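K.L.:
Got a file for you: input-v6.pdb, PDB, C-alpha atoms.
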```pdb
ATOM      1  CA  MET B1401      -4.749  -1.214 -24.439  1.00  0.00           C
ATOM      2  CA  ALA B1402      -5.487  -2.770 -21.054  1.00  0.00           C
ATOM      3  CA  ILE B1403      -2.739  -2.808 -18.447  1.00  0.00           C
ATOM      4  CA  GLU B1404      -1.281  -6.300 -18.252  1.00  0.00           C
ATOM      5  CA  LEU B1405       0.575  -7.929 -15.385  1.00  0.00           C
ATOM      6  CA  THR B1406       0.798 -11.368 -16.945  1.00  0.00           C
ATOM      7  CA  ASP B1407       2.930 -13.731 -14.833  1.00  0.00           C
ATOM      8  CA  LYS B1408       4.285 -10.935 -12.644  1.00  0.00           C
ATOM      9  CA  VAL B1409       4.674 -11.954  -9.013  1.00  0.00           C
ATOM     10  CA  CYS B1410       2.905  -9.188  -7.097  1.00  0.00           C
ATOM     11  CA  VAL B1411       2.801  -9.089  -3.300  1.00  0.00           C
ATOM     12  CA  VAL B1412       0.390  -6.859  -1.371  1.00  0.00           C
ATOM     13  CA  THR B1413       0.666  -6.406   2.396  1.00  0.00           C
ATOM     14  CA  GLY B1414      -2.417  -5.715   4.484  1.00  0.00           C
ATOM     15  CA  ALA B1415      -4.452  -7.608   1.901  1.00  0.00           C
ATOM     16  CA  GLY B1416      -7.111  -9.075   4.165  1.00  0.00           C
ATOM     17  CA  GLU B1417      -9.631  -6.368   3.327  1.00  0.00           C
ATOM     18  CA  GLY B1418     -10.046  -2.916   1.834  1.00  0.00           C
ATOM     19  CA  VAL B1419      -7.613  -1.517  -0.702  1.00  0.00           C
ATOM     20  CA  GLY B1420      -5.214  -4.426  -0.295  1.00  0.00           C
ATOM     21  CA  ARG B1421      -7.812  -7.051  -1.103  1.00  0.00           C
ATOM     22  CA  GLY B1422      -9.023  -4.962  -4.040  1.00  0.00           C
ATOM     23  CA  LEU B1423      -5.513  -4.767  -5.453  1.00  0.00           C
ATOM     24  CA  VAL B1424      -5.043  -8.518  -5.169  1.00  0.00           C
ATOM     25  CA  ALA B1425      -8.330  -9.188  -6.959  1.00  0.00           C
ATOM     26  CA  GLY B1426      -7.547  -6.706  -9.713  1.00  0.00           C
ATOM     27  CA  PHE B1427      -4.023  -7.995 -10.250  1.00  0.00           C
ATOM     28  CA  LEU B1428      -5.344 -11.544 -10.567  1.00  0.00           C
ATOM     29  CA  ARG B1429      -7.671 -10.405 -13.345  1.00  0.00           C
ATOM     30  CA  ARG B1430      -4.662  -8.857 -15.100  1.00  0.00           C
ATOM     31  CA  GLY B1431      -2.850 -12.188 -15.139  1.00  0.00           C
ATOM     32  CA  ALA B1432      -0.509 -11.690 -12.197  1.00  0.00           C
ATOM     33  CA  HIS B1433       0.558 -14.227  -9.613  1.00  0.00           C
ATOM     34  CA  ALA B1434      -0.978 -12.182  -6.805  1.00  0.00           C
ATOM     35  CA  VAL B1435       0.172 -12.915  -3.257  1.00  0.00           C
ATOM     36  CA  ALA B1436      -1.897 -11.605  -0.353  1.00  0.00           C
ATOM     37  CA  GLY B1437       0.080 -10.799   2.765  1.00  0.00           C
ATOM     38  CA  VAL B1438      -2.279 -11.141   5.736  1.00  0.00           C
ATOM     39  CA  ARG B1439      -1.905 -11.120   9.502  1.00  0.00           C
ATOM     40  CA  SER B1440      -4.202 -14.113   9.980  1.00  0.00           C
ATOM     41  CA  LEU B1441      -4.554 -16.946   7.501  1.00  0.00           C
ATOM     42  CA  GLU B1442      -7.549 -18.268   9.410  1.00  0.00           C
ATOM     43  CA  LYS B1443      -9.453 -15.004   8.999  1.00  0.00           C
ATOM     44  CA  SER B1444      -8.334 -13.927   5.550  1.00  0.00           C
ATOM     45  CA  ALA B1445      -7.206 -16.804   3.336  1.00  0.00           C
ATOM     46  CA  ALA B1446     -10.710 -17.574   2.088  1.00  0.00           C
ATOM     47  CA  ALA B1447     -11.485 -13.889   1.525  1.00  0.00           C
ATOM     48  CA  VAL B1448      -8.559 -13.413  -0.863  1.00  0.00           C
ATOM     49  CA  ALA B1449      -8.918 -16.720  -2.741  1.00  0.00           C
ATOM     50  CA  PRO B1450      -7.916 -17.712  -5.382  1.00  0.00           C
ATOM     51  CA  ALA B1451      -4.857 -15.600  -4.580  1.00  0.00           C
ATOM     52  CA  TRP B1452      -2.197 -17.311  -2.505  1.00  0.00           C
ATOM     53  CA  ALA B1453      -2.237 -15.958   1.059  1.00  0.00           C
ATOM     54  CA  VAL B1454       0.898 -15.853   3.202  1.00  0.00           C
ATOM     55  CA  LYS B1455       1.118 -14.950   6.870  1.00  0.00           C
ATOM     56  CA  LEU B1456       2.800 -11.572   6.975  1.00  0.00           C
ATOM     57  CA  ASP B1457       2.656  -9.251   9.960  1.00  0.00           C
ATOM     58  CA  VAL B1458       4.700  -6.190   9.031  1.00  0.00           C
ATOM     59  CA  THR B1459       5.650  -5.616  12.680  1.00  0.00           C
ATOM     60  CA  ASN B1460       7.430  -8.992  12.750  1.00  0.00           C
ATOM     61  CA  ALA B1461      10.745  -8.982  10.859  1.00  0.00           C
ATOM     62  CA  GLU B1462      11.239 -12.749  11.090  1.00  0.00           C
ATOM     63  CA  GLU B1463       7.755 -13.431   9.744  1.00  0.00           C
ATOM     64  CA  ILE B1464       8.436 -11.074   6.814  1.00  0.00           C
ATOM     65  CA  ARG B1465      11.690 -12.860   5.994  1.00  0.00           C
ATOM     66  CA  GLU B1466       9.933 -16.219   6.114  1.00  0.00           C
ATOM     67  CA  ALA B1467       7.172 -14.956   3.822  1.00  0.00           C
ATOM     68  CA  VAL B1468       9.696 -13.576   1.327  1.00  0.00           C
ATOM     69  CA  ALA B1469      11.592 -16.876   1.334  1.00  0.00           C
ATOM     70  CA  ALA B1470       8.365 -18.819   0.749  1.00  0.00           C
ATOM     71  CA  ILE B1471       7.317 -16.558  -2.127  1.00  0.00           C
ATOM     72  CA  VAL B1472      10.700 -16.828  -3.826  1.00  0.00           C
ATOM     73  CA  ALA B1473      10.744 -20.596  -3.304  1.00  0.00           C
ATOM     74  CA  ARG B1474       7.361 -20.892  -4.995  1.00  0.00           C
ATOM     75  CA  PHE B1475       7.752 -18.408  -7.863  1.00  0.00           C
ATOM     76  CA  GLY B1476      11.486 -17.832  -8.161  1.00  0.00           C
ATOM     77  CA  ARG B1477      11.224 -14.043  -7.988  1.00  0.00           C
ATOM     78  CA  ILE B1478       9.284 -11.025  -6.705  1.00  0.00           C
ATOM     79  CA  ASP B1479       8.352  -8.471  -9.355  1.00  0.00           C
ATOM     80  CA  VAL B1480       6.141  -6.074  -7.401  1.00  0.00           C
ATOM     81  CA  TRP B1481       5.829  -5.371  -3.684  1.00  0.00           C
ATOM     82  CA  ILE B1482       3.102  -3.043  -2.390  1.00  0.00           C
ATOM     83  CA  ASN B1483       3.469  -1.710   1.159  1.00  0.00           C
ATOM     84  CA  ASN B1484      -0.225  -1.282   1.898  1.00  0.00           C
ATOM     85  CA  ALA B1485      -0.519  -2.441   5.521  1.00  0.00           C
ATOM     86  CA  GLY B1486      -1.383   0.390   7.863  1.00  0.00           C
ATOM     87  CA  ILE B1487      -3.457   1.552  10.818  1.00  0.00           C
ATOM     88  CA  TYR B1488      -5.079   4.935  11.370  1.00  0.00           C
ATOM     89  CA  PRO B1489      -6.590   5.480  14.844  1.00  0.00           C
ATOM     90  CA  ARG B1490      -7.719   9.019  15.596  1.00  0.00           C
ATOM     91  CA  GLN B1491      -6.252  10.719  18.665  1.00  0.00           C
ATOM     92  CA  PRO B1492      -5.725  14.377  19.640  1.00  0.00           C
ATOM     93  CA  ALA B1493      -2.049  15.310  19.648  1.00  0.00           C
ATOM     94  CA  ASP B1494      -2.081  16.225  23.349  1.00  0.00           C
ATOM     95  CA  GLU B1495      -3.331  12.710  24.176  1.00  0.00           C
ATOM     96  CA  ILE B1496      -0.744  10.812  22.110  1.00  0.00           C
ATOM     97  CA  THR B1497       1.621   8.839  24.306  1.00  0.00           C
ATOM     98  CA  THR B1498       5.022   7.532  23.281  1.00  0.00           C
ATOM     99  CA  GLU B1499       3.465   4.074  23.220  1.00  0.00           C
ATOM    100  CA  SER B1500       0.684   5.059  20.806  1.00  0.00           C
ATOM    101  CA  TRP B1501       3.159   7.050  18.677  1.00  0.00           C
ATOM    102  CA  ARG B1502       5.452   4.053  18.363  1.00  0.00           C
ATOM    103  CA  LYS B1503       2.549   1.707  17.553  1.00  0.00           C
ATOM    104  CA  ILE B1504       1.560   3.793  14.518  1.00  0.00           C
ATOM    105  CA  LEU B1505       5.104   4.202  13.203  1.00  0.00           C
ATOM    106  CA  ASP B1506       5.934   0.571  13.933  1.00  0.00           C
ATOM    107  CA  THR B1507       3.219  -0.511  11.512  1.00  0.00           C
ATOM    108  CA  ASN B1508       2.982   2.239   8.914  1.00  0.00           C
ATOM    109  CA  LEU B1509       6.615   3.285   8.492  1.00  0.00           C
ATOM    110  CA  ASP B1510       8.850   0.737  10.176  1.00  0.00           C
ATOM    111  CA  GLY B1511       6.662  -2.049   8.782  1.00  0.00           C
ATOM    112  CA  ALA B1512       7.187  -0.815   5.237  1.00  0.00           C
ATOM    113  CA  TRP B1513      10.925  -0.541   5.862  1.00  0.00           C
ATOM    114  CA  ARG B1514      11.101  -4.074   7.293  1.00  0.00           C
ATOM    115  CA  CYS B1515       9.519  -5.350   4.097  1.00  0.00           C
ATOM    116  CA  CYS B1516      11.938  -3.359   1.934  1.00  0.00           C
ATOM    117  CA  GLU B1517      14.902  -4.583   3.958  1.00  0.00           C
ATOM    118  CA  ALA B1518      13.755  -8.171   3.385  1.00  0.00           C
ATOM    119  CA  ILE B1519      13.139  -7.898  -0.361  1.00  0.00           C
ATOM    120  CA  ILE B1520      15.962  -5.622  -1.507  1.00  0.00           C
ATOM    121  CA  PRO B1521      18.536  -8.452  -1.677  1.00  0.00           C
ATOM    122  CA  GLN B1522      16.182 -10.446  -3.921  1.00  0.00           C
ATOM    123  CA  LEU B1523      15.431  -7.452  -6.156  1.00  0.00           C
ATOM    124  CA  LYS B1524      19.156  -6.808  -6.531  1.00  0.00           C
ATOM    125  CA  ARG B1525      19.827 -10.457  -7.409  1.00  0.00           C
ATOM    126  CA  GLN B1526      17.214 -10.420 -10.131  1.00  0.00           C
ATOM    127  CA  GLN B1527      18.230  -6.897 -11.228  1.00  0.00           C
ATOM    128  CA  GLY B1528      14.729  -5.484 -11.314  1.00  0.00           C
ATOM    129  CA  GLY B1529      11.471  -4.947  -9.499  1.00  0.00           C
ATOM    130  CA  VAL B1530       8.901  -2.445  -8.309  1.00  0.00           C
ATOM    131  CA  ILE B1531       8.070  -1.172  -4.821  1.00  0.00           C
ATOM    132  CA  ILE B1532       4.900   0.869  -4.303  1.00  0.00           C
ATOM    133  CA  ASN B1533       4.237   2.565  -0.970  1.00  0.00           C
ATOM    134  CA  VAL B1534       0.726   3.626   0.008  1.00  0.00           C
ATOM    135  CA  GLY B1535       0.563   7.163   1.320  1.00  0.00           C
ATOM    136  CA  SER B1536      -2.385   9.427   2.081  1.00  0.00           C
ATOM    137  CA  VAL B1537      -3.710  12.852   1.145  1.00  0.00           C
ATOM    138  CA  VAL B1538      -4.002  13.692   4.837  1.00  0.00           C
ATOM    139  CA  LEU B1539      -0.263  14.331   4.730  1.00  0.00           C
ATOM    140  CA  ARG B1540      -1.003  17.341   2.551  1.00  0.00           C
ATOM    141  CA  LEU B1541      -4.193  18.341   4.317  1.00  0.00           C
ATOM    142  CA  GLY B1542      -2.790  18.236   7.854  1.00  0.00           C
ATOM    143  CA  MET B1543      -6.010  16.849   9.304  1.00  0.00           C
ATOM    144  CA  SER B1544      -6.633  16.952  13.043  1.00  0.00           C
ATOM    145  CA  HIS B1545      -6.230  14.012  15.429  1.00  0.00           C
ATOM    146  CA  LEU B1546      -3.793  12.273  13.062  1.00  0.00           C
ATOM    147  CA  THR B1547      -0.386  13.676  14.026  1.00  0.00           C
ATOM    148  CA  HIS B1548       1.225  10.248  14.441  1.00  0.00           C
ATOM    149  CA  TYR B1549      -0.378   8.980  11.221  1.00  0.00           C
ATOM    150  CA  LEU B1550       0.782  12.065   9.322  1.00  0.00           C
ATOM    151  CA  ALA B1551       4.319  11.534  10.582  1.00  0.00           C
ATOM    152  CA  SER B1552       4.292   7.924   9.410  1.00  0.00           C
ATOM    153  CA  LYS B1553       3.070   8.837   5.925  1.00  0.00           C
ATOM    154  CA  GLY B1554       5.559  11.683   5.663  1.00  0.00           C
ATOM    155  CA  GLY B1555       8.301   9.196   6.431  1.00  0.00           C
ATOM    156  CA  LEU B1556       7.110   7.007   3.576  1.00  0.00           C
ATOM    157  CA  VAL B1557       7.646   9.877   1.144  1.00  0.00           C
ATOM    158  CA  GLY B1558      11.254  10.251   2.246  1.00  0.00           C
ATOM    159  CA  MET B1559      11.770   6.503   2.095  1.00  0.00           C
ATOM    160  CA  THR B1560      10.291   6.366  -1.413  1.00  0.00           C
ATOM    161  CA  ARG B1561      12.634   9.029  -2.734  1.00  0.00           C
ATOM    162  CA  GLY B1562      15.711   7.625  -1.037  1.00  0.00           C
ATOM    163  CA  LEU B1563      15.091   4.063  -2.183  1.00  0.00           C
ATOM    164  CA  ALA B1564      14.384   5.184  -5.740  1.00  0.00           C
ATOM    165  CA  ARG B1565      17.772   6.894  -5.859  1.00  0.00           C
ATOM    166  CA  ASP B1566      19.714   4.060  -4.238  1.00  0.00           C
ATOM    167  CA  LEU B1567      18.057   1.174  -6.076  1.00  0.00           C
ATOM    168  CA  GLY B1568      17.733   2.677  -9.541  1.00  0.00           C
ATOM    169  CA  ARG B1569      21.115   1.256 -10.579  1.00  0.00           C
ATOM    170  CA  HIS B1570      19.606  -2.193 -10.004  1.00  0.00           C
ATOM    171  CA  ASN B1571      16.595  -1.407 -12.218  1.00  0.00           C
ATOM    172  CA  VAL B1572      14.310  -1.192  -9.189  1.00  0.00           C
ATOM    173  CA  ARG B1573      11.602   1.464  -9.289  1.00  0.00           C
ATOM    174  CA  VAL B1574      10.001   2.910  -6.147  1.00  0.00           C
ATOM    175  CA  ASN B1575       6.900   5.108  -6.091  1.00  0.00           C
ATOM    176  CA  CYS B1576       4.188   6.197  -3.666  1.00  0.00           C
ATOM    177  CA  VAL B1577       0.425   6.580  -4.145  1.00  0.00           C
ATOM    178  CA  HIS B1578      -1.362   9.115  -1.925  1.00  0.00           C
ATOM    179  CA  LEU B1579      -4.955   7.946  -1.643  1.00  0.00           C
ATOM    180  CA  GLY B1580      -7.955  10.073  -0.784  1.00  0.00           C
ATOM    181  CA  ALA B1581     -11.036   8.778   1.025  1.00  0.00           C
ATOM    182  CA  VAL B1582     -11.510   5.201  -0.171  1.00  0.00           C
ATOM    183  CA  LEU B1583     -14.723   3.431   0.755  1.00  0.00           C
ATOM    184  CA  THR B1584     -13.569   0.338   2.639  1.00  0.00           C
ATOM    185  CA  GLU B1585     -14.727  -1.904   5.456  1.00  0.00           C
ATOM    186  CA  GLY B1586     -12.484   0.022   7.822  1.00  0.00           C
ATOM    187  CA  GLU B1587     -14.097   3.323   6.900  1.00  0.00           C
ATOM    188  CA  LEU B1588     -17.564   1.868   7.369  1.00  0.00           C
ATOM    189  CA  ARG B1589     -16.622   0.804  10.883  1.00  0.00           C
ATOM    190  CA  LEU B1590     -15.342   4.288  11.717  1.00  0.00           C
ATOM    191  CA  PHE B1591     -18.024   6.289   9.880  1.00  0.00           C
ATOM    192  CA  PRO B1592     -21.277   4.357   9.546  1.00  0.00           C
ATOM    193  CA  ASP B1593     -23.195   7.475   8.415  1.00  0.00           C
ATOM    194  CA  GLN B1594     -22.032   7.274   4.814  1.00  0.00           C
ATOM    195  CA  ALA B1595     -24.555   9.804   3.553  1.00  0.00           C
ATOM    196  CA  ALA B1596     -22.880  12.443   5.705  1.00  0.00           C
ATOM    197  CA  VAL B1597     -19.430  11.318   4.574  1.00  0.00           C
ATOM    198  CA  LEU B1598     -20.420  11.558   0.918  1.00  0.00           C
ATOM    199  CA  GLN B1599     -21.879  15.037   1.370  1.00  0.00           C
ATOM    200  CA  SER B1600     -18.717  16.227   3.127  1.00  0.00           C
ATOM    201  CA  LEU B1601     -16.441  14.772   0.460  1.00  0.00           C
ATOM    202  CA  GLU B1602     -18.407  16.154  -2.453  1.00  0.00           C
ATOM    203  CA  GLU B1603     -18.019  19.639  -0.980  1.00  0.00           C
ATOM    204  CA  LYS B1604     -14.232  19.180  -1.219  1.00  0.00           C
ATOM    205  CA  GLN B1605     -13.592  16.954  -4.214  1.00  0.00           C
ATOM    206  CA  ALA B1606     -13.500  18.245  -7.781  1.00  0.00           C
ATOM    207  CA  LEU B1607     -15.210  15.021  -8.898  1.00  0.00           C
ATOM    208  CA  ARG B1608     -18.358  13.744  -7.261  1.00  0.00           C
ATOM    209  CA  GLY B1609     -18.627  10.228  -5.902  1.00  0.00           C
ATOM    210  CA  ARG B1610     -16.358   7.874  -3.977  1.00  0.00           C
ATOM    211  CA  LEU B1611     -13.060   6.205  -4.471  1.00  0.00           C
ATOM    212  CA  THR B1612     -13.246   2.441  -4.065  1.00  0.00           C
ATOM    213  CA  PRO B1613     -10.580  -0.280  -4.082  1.00  0.00           C
ATOM    214  CA  GLU B1614     -11.729  -1.171  -7.599  1.00  0.00           C
ATOM    215  CA  THR B1615     -11.355   2.373  -8.963  1.00  0.00           C
ATOM    216  CA  VAL B1616      -7.867   2.952  -7.521  1.00  0.00           C
ATOM    217  CA  GLU B1617      -6.536  -0.455  -8.594  1.00  0.00           C
ATOM    218  CA  PRO B1618      -5.690   0.606 -12.181  1.00  0.00           C
ATOM    219  CA  VAL B1619      -3.313   3.268 -10.857  1.00  0.00           C
ATOM    220  CA  PHE B1620      -1.362   0.652  -8.927  1.00  0.00           C
ATOM    221  CA  ALA B1621      -1.509  -1.680 -11.914  1.00  0.00           C
ATOM    222  CA  PHE B1622       0.052   1.026 -14.101  1.00  0.00           C
ATOM    223  CA  LEU B1623       2.882   1.646 -11.639  1.00  0.00           C
ATOM    224  CA  ALA B1624       3.404  -2.113 -11.305  1.00  0.00           C
ATOM    225  CA  SER B1625       3.515  -2.635 -15.058  1.00  0.00           C
ATOM    226  CA  ASP B1626       6.249  -2.138 -17.624  1.00  0.00           C
ATOM    227  CA  ASP B1627       4.187   0.748 -19.026  1.00  0.00           C
ATOM    228  CA  SER B1628       5.585   2.905 -16.199  1.00  0.00           C
ATOM    229  CA  ARG B1629       9.199   1.832 -16.762  1.00  0.00           C
ATOM    230  CA  ASP B1630      10.370   5.473 -16.724  1.00  0.00           C
ATOM    231  CA  VAL B1631       8.586   6.457 -13.489  1.00  0.00           C
ATOM    232  CA  THR B1632      10.405   6.276 -10.157  1.00  0.00           C
ATOM    233  CA  GLY B1633      10.771   8.347  -7.007  1.00  0.00           C
ATOM    234  CA  GLN B1634       7.339   9.892  -7.549  1.00  0.00           C
ATOM    235  CA  CYS B1635       4.282  10.465  -5.350  1.00  0.00           C
ATOM    236  CA  LEU B1636       1.004  10.257  -7.253  1.00  0.00           C
ATOM    237  CA  THR B1637      -2.208  11.560  -5.680  1.00  0.00           C
ATOM    238  CA  VAL B1638      -5.475   9.747  -6.355  1.00  0.00           C
ATOM    239  CA  ASP B1639      -8.269  11.607  -4.552  1.00  0.00           C
ATOM    240  CA  ARG B1640     -10.880  12.742  -7.105  1.00  0.00           C
ATOM    241  CA  GLY B1641      -9.476  16.262  -6.934  1.00  0.00           C
ATOM    242  CA  TRP B1642      -9.625  16.816  -3.176  1.00  0.00           C
ATOM    243  CA  THR B1643      -6.116  18.314  -3.272  1.00  0.00           C
ATOM    244  CA  HIS B1644      -4.383  20.040  -6.155  1.00  0.00           C
ATOM    245  CA  ASP B1645      -0.665  19.724  -5.357  1.00  0.00           C
TER
END
```
Using structure tokens, write down the structure that the file contains.
P.N.:
Amino acid sequence: MAIELTDKVCVVTGAGEGVGRGLVAGFLRRGAHAVAGVRSLEKSAAAVAPAWAVKLDVTNAEEIREAVAAIVARFGRIDVWINNAGIYPRQPADEITTESWRKILDTNLDGAWRCCEAIIPQLKRQQGGVIINVGSVVLRLGMSHLTHYLASKGGLVGMTRGLARDLGRHNVRVNCVHLGAVLTEGELRLFPDQAAVLQSLEEKQALRGRLTPETVEPVFAFLASDDSRDVTGQCLTVDRGWTHD
């Protein structure tokens, strides 16, 4: 039986491209009212159509609150919120400044928390909902030049577990998905030699081939759906067998 999200109000941050845009498109096909949170309506609204795009910069608490209010005014509720927005610049640890450290955490960790802070009152009022945080397998791999990024994703794990415990009494579920190497526009900009990337990944992954936004979308759909009603506080890895823990 196909996973259905019929009439669920599902919000995805960082939805202008990549995984976020793929989730929005997939959720629309499953019957959801998919809302694309984007930093720039001018740049992204057309790209995510026919989903409804709202201006949502996760580093701006007031903008998040306004977006949440607009979504609730339009649909009356929020069923699923996916904290997908994130940045991942590479930088050796001995070159990371306090400014660059704070920039990463301000988006990847604090940004997710700002969104949770804004939606928790609504989820409590409606006595139900789902939050999905987007992690990364690099947290387990400890890859070089990503110390600040690793710290931000590690924080998301702690936040996921804490929120799941605190919000469970309100029928709110919170989980995290650790993604492997997903082929996105951002990756293409960083690593244009995709033949070399594929060769490197296939030496590490148990399964050959690439993750794409389309192939990871069903995992998020499952966690967003009522089919996963008993799953909360968990971190699920989707990486074609790159890691085994």
K.L.:
Evaluating the PyMOL selection byres ((chain B and resi 1610) around 9) on the displayed file yields which residues, as a ChimeraX atom specification?
P.N.:
/B:1581-1583,1598,1601-1602,1607-1609,1611-1612,1615,1639-1640
K.L.:
My list of candidates is B:Val1454, B:Ile1403, B:Leu1541, B:Val1631. Which is closest to Arg1474 in chain B when distances are computed with only C-alpha atoms?
P.N.:
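Comparing B:Val1454, B:Ile1403, B:Leu1541, B:Val1631 against Arg1474 in chain B, the winner is B:Val1454.
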K.L.:
Take CA of Ile1532 in chain B and CA of Ile1482 in chain B and report the distance between them in Å, one decimal.
P.N.:
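Distance reported for this atom pair: 4.7 Å.
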K.L.:
To one decimal place in Å, what is the distance between CA of Arg1502 in chain B and CA of Ser1552 in chain B?
P.N.:
9.8 Å
K.L.:
Taking all atoms listed in the file into account, which of B:Ala1415, B:Ala1432, B:Cys1576, B:Ile1519 comes nearest Ser1444 in chain B?
P.N.:
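Using all atoms listed in the file, Ser1444 in chain B sits closest to B:Ala1415.
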K.L.:
Which is closest to Ser1500 in chain B among B:Leu1636, B:Leu1546, B:Ala1447, B:Ile1471, if we use all atoms listed in the file?
P.N.:
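Smallest separation from Ser1500 in chain B among the options: B:Leu1546.
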K.L.:
Hey, can you check how far CA of Leu1567 in chain B sits from CA of Arg1629 in chain B?
P.N.:
13.9 Å
K.L.:
May I have the residues at most 9 Å from (-3.3, 7.6, -3.7) in the file's coordinates, counting only C-alpha atoms, as a ChimeraX atom specification?
P.N.:
/B:1534-1537,1576-1580,1616,1619-1620,1635-1639
K.L.:
Which residues are near Arg1573 in chain B? Cut-off 7 Å, all atoms listed in the file, ignore same chain within fewer than 2 positions. Put them as a list in words.
P.N.:
Gly1529, Val1530, Ile1531, Ala1564, Gly1568, Asn1571, Asn1575 and Thr1632 of chain B
K.L.:
Which residues are close to Ala1467 in chain B, i.e. within 12 Å by only C-alpha atoms, leaving aside same-chain residues fewer than 6 positions away? Reply as a list in words.
P.N.:
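Neighbouring residues, sequence-local ones excluded: Val1411, Val1412, Thr1413, Val1435, Ala1436, Gly1437, Val1438, Arg1439, Trp1452, Ala1453, Val1454, Lys1455, Leu1456, Asp1457, Val1458, Asn1460, Ala1461, Ala1473, Arg1474, Ile1478, Cys1515, Ala1518 and Ile1519 of chain B.
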K.L.:
His1433 in chain B: which residues within 6 Å, counting all atoms listed in the file, same-chain residues fewer than 2 positions away excluded, as a compact mmCIF listing (two decimals) with C-alpha atoms, in the frame of the given file?
P.N.:
```txt
# COMPACT_ATOMS: atom_id res chain seq x y z
CA ASP B 1407 2.93 -13.73 -14.83
CA LYS B 1408 4.28 -10.94 -12.64
CA VAL B 1409 4.67 -11.95 -9.01
```
